[in-house]
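Beneath this line is the structure, given in C-alpha cells, with notes to follow.
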Amino acid sequence: MKIAVTGATGHLGNQIINQLLKKTEKDNIVALVHTKKHAQKLIDENLEVREIDFQNEASLQKAFVGIDTLIYVASKTYSVLDRVKEFENVLSALEKDNVKNLVAMSFIADQETNPFVMSPFYGYLPRRLAGTNLNYAIAKNALYADPLVPYLPELIERHALIYPVGNAKMSFISIEDSAEAMADMALNEDILHSRKIYTLTQGRSYTMPELGKIMTKVTGHEIGYKPVSVKEFGEIYSSEGDGAELASMYAGGAMGMLTSLSDDFAHITGHEPEDMYHFLLKNYQK
Ligand SMILES: NC(=O)c1ccc[n+]([C@@H]2O[C@H](COP(=O)([O-])OP(=O)(O)OC[C@H]3O[C@@H](n4cnc5c(N)ncnc54)[C@H](OP(=O)(O)O)[C@@H]3O)[C@@H](O)[C@H]2O)c1
C-alpha cells in the first residue's frame, strides 16, 4: 500500500508525512516534492522522494507509478486558472497510472457567493471529483491557526486584531491536526470510499473580541479588536504580496463564510482537536 503526498516540503504536506510516519511503515510513504533541494530533510530520513511539477503532467505520471493513494496538497497560488490546470493534470495522471484513491485538500471558503479569489477553485473541486471514478475523500480545512503565532508580536504592538470581519466568527484548525486527520483519512478504507467532504475545524469558532481575549491571556498583553476596512487591510499587507487576496477572503469572512464548524475531526481521529488557547499557549514564545 503506497501513499504519496504532494507539497511534501511545505507546511501541511510535511506534517502529513510526519503523521504518516507515526501510523504506517516508512516504505509505504512517497514524498512528492517540487524542488529537490528543499527536500534534504526527507532524503536524510531515507524517505522515498520523487520530483513533480504540477504544471507538467508527464512529471506527475512518472511520479504516480505504483501509488495506491494520493494525498493532494495544492500549491500556494492565487491564480484560479493555474490551480485548475494543476488539479486537472493531477486527475489525468491519476487516471493514466490507474491510481485508485485520493484524499484532496480543500478550504471552507467555497460558497458560490464568496468573494475570496480562490473560492471558484474550492467550489469546482468537489463537483469535478464527483464525475470521476476515483475513491475519494475531501479534507476541507478551516483557517490555519498556525499563522496567528508569528502574528502575535504585531498584534501586541497594535493592541488589537484588525481583520475586517465585523461581528462574524471565524473557524480555525492547526496544521498538525489537519495533517493528522488527512493521514488517517488516507489509511481508512471506509473514508477513502466515502466520496464525502470532511470539514476539519476546532471545536468552536470565535468573534474577533473573543479571539483577542484568548491572545491577551496567552501573551499577557491586551489585544482587542479594531477592525479596518477590507480596502485598508489589503493595503496594509500589500507589501507581503497577497494583501488583496487575503482581504477578499476576509470580505467573505464578514459575510459569515469562514464560520464552518464540524465534529468530523473527532470522528476521523478518535480525539478532539486542539483548542485555540492551548494551541497558542504551546507555540507562543514570550
Ligand atoms: N486553510 C488555510 O488557512 C490556508 C492557509 C494558507 C494556505 N492554504 C492552502 O493550503 C495549501 C498548502 O499550504 P502550505 O502552507 O502547506 O503551503 P506551502 O508551505 O507553500 O507548500 C506548498 C508546497 O507546494 C509545492 N509546490 C509549489 N509549486 C509546485 C508545483 N508547480 N508542483 C509541485 N509542487 C509545488 C511547494 O514546493 P516548493 O517549495 O519546492 O516549490 C511546497 O512544498 C495551499 O494550497 C494553500 O493555498 C490554506
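Following the order of the C-alpha cells, chains are lettered A, B, ..., residues in each are numbered from 1, and ligands are numbered from 1.
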
Hey, which residues sit close to ligand 1? Say within 7 Å, counting only C-alpha atoms and all ligand atoms, and write them as a list in words. Thr6, Gly7, Ala8, Thr9, Gly10, His11, Leu12, Gly13, Val33, His34, Thr35, Lys36, His38, Ile52, Asp53, Phe54, Gln55, Val73, Ala74, Ser75, Lys76, Thr77, Phe107, Asn141, Ala142, Leu143 and Tyr144 of chain A

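Once A:Gly224 and its same-chain neighbours fewer than 2 positions away are set aside, Leu155, Ile156, Arg158, His159, Ala160, Leu161, Ile162, Met208, Pro209, Glu210, Leu211, Gly212, Lys213, Met215, Thr216, His221, Glu222, Lys226 and Pro227 of chain A remain within 10 Å of it when counting only C-alpha atoms.
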
Given the selection you just returned, output its residues as a file containing C-alpha atoms, formatted as a CSV table (one decimal), in the first residue's frame.
chain,number,residue,atom,x,y,z
A,155,LEU,CA,-0.9,42.3,17.4
A,156,ILE,CA,0.7,43.2,20.7
A,158,ARG,CA,-1.2,47.2,17.6
A,159,HIS,CA,-3.1,46.3,20.8
A,160,ALA,CA,-5.7,44.8,18.6
A,161,LEU,CA,-6.7,42.4,15.8
A,162,ILE,CA,-7.7,44.3,12.7
A,208,MET,CA,-12.6,38.8,17.0
A,209,PRO,CA,-13.1,40.2,20.5
A,210,GLU,CA,-13.3,36.5,21.8
A,211,LEU,CA,-10.0,35.7,19.9
A,212,GLY,CA,-8.4,38.8,21.2
A,213,LYS,CA,-9.3,37.7,24.8
A,215,MET,CA,-4.5,36.1,22.8
A,216,THR,CA,-4.5,38.5,25.8
A,221,HIS,CA,-0.7,41.9,26.6
A,222,GLU,CA,-4.1,43.5,25.9
A,226,LYS,CA,-10.2,47.5,16.0
A,227,PRO,CA,-11.3,46.3,12.5

Could you pull out all residues of stretch 202-285 of chain A with a DSSP call of alpha helix (DSSP H) and give them as number ranges by chain? A: 208-219, 230-236, 243-254, 264-269, 276-283

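If you look at atom CA of A:Met249 and atom CA of A:Arg204, they are 19.7 Å away from each other.
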
I need the residue nearest A:Pro126 from this list: A:Lys100, A:Arg195, A:Leu281, A:Val65. Use only C-alpha atoms for the distance. A:Arg195

As an MDAnalysis selection string, which residues of stretch 13-49 of chain A does DSSP assign to strand (DSSP E)? chainID A and resid 29:33 48:49

If you keep N, CA and C atoms, can you produce a file of those selected residues as an mmCIF file, in the first residue's frame?
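Written output follows (out_6.cif):
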data_model
loop_
_atom_site.group_PDB
_atom_site.id
_atom_site.type_symbol
_atom_site.label_atom_id
_atom_site.label_comp_id
_atom_site.auth_asym_id
_atom_site.auth_seq_id
_atom_site.Cartn_x
_atom_site.Cartn_y
_atom_site.Cartn_z
ATOM 1 N N ILE A 29 5.412 5.137 2.241
ATOM 2 C CA ILE A 29 5.235 6.587 2.037
ATOM 3 C C ILE A 29 6.140 7.082 0.907
ATOM 4 N N VAL A 30 5.570 7.893 0.030
ATOM 5 C CA VAL A 30 6.366 8.540 -1.025
ATOM 6 C C VAL A 30 6.150 10.047 -0.911
ATOM 7 N N ALA A 31 7.250 10.786 -0.763
ATOM 8 C CA ALA A 31 7.168 12.250 -0.671
ATOM 9 C C ALA A 31 7.323 12.833 -2.070
ATOM 10 N N LEU A 32 6.322 13.577 -2.517
ATOM 11 C CA LEU A 32 6.377 14.193 -3.844
ATOM 12 C C LEU A 32 6.786 15.653 -3.669
ATOM 13 N N VAL A 33 7.925 16.004 -4.251
ATOM 14 C CA VAL A 33 8.481 17.339 -3.997
ATOM 15 C C VAL A 33 8.691 18.090 -5.303
ATOM 16 N N GLU A 48 11.323 7.785 0.503
ATOM 17 C CA GLU A 48 11.363 7.801 -0.966
ATOM 18 C C GLU A 48 10.862 9.160 -1.452
ATOM 19 N N VAL A 49 11.705 9.842 -2.218
ATOM 20 C CA VAL A 49 11.362 11.179 -2.704
ATOM 21 C C VAL A 49 11.294 11.147 -4.229
#

Near A:Thr113, counting only C-alpha atoms, which residues have an atom at most 10 Å away, once you skip same-chain residues fewer than 3 positions from it, shown as a ChimeraX atom specification? /A:109-110,116,119-120,252,255,257

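Using only C-alpha atoms, the residues found no farther than 7 Å from stretch 121-124 of chain A, other than those of its own chain fewer than 5 positions away, are Val80, Val84, Ser106, Phe107, Asp110, Gln111 and Glu112 of chain A.
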
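Of the listed residues A:Ile43, A:Ile214, A:Ile197, A:Ile3, the one whose atoms come nearest to A:Arg127 is A:Ile197, with distances taken using only C-alpha atoms.
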
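Counting only C-alpha atoms and comparing A:Ile71, A:Ala254, A:Ile16, A:Leu21, the residue that lies closest to A:Lys169 is A:Ala254.
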
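Put simply, atom CA of A:Ala139 is 17.2 Å away from atom CA of A:Glu274.
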
Near-A:Ala251 list (10 Å; only C-alpha atoms; drop same-chain fewer than 5 positions) as number ranges by chain: A: 114-116, 163-166, 229-231, 245-246, 256-258
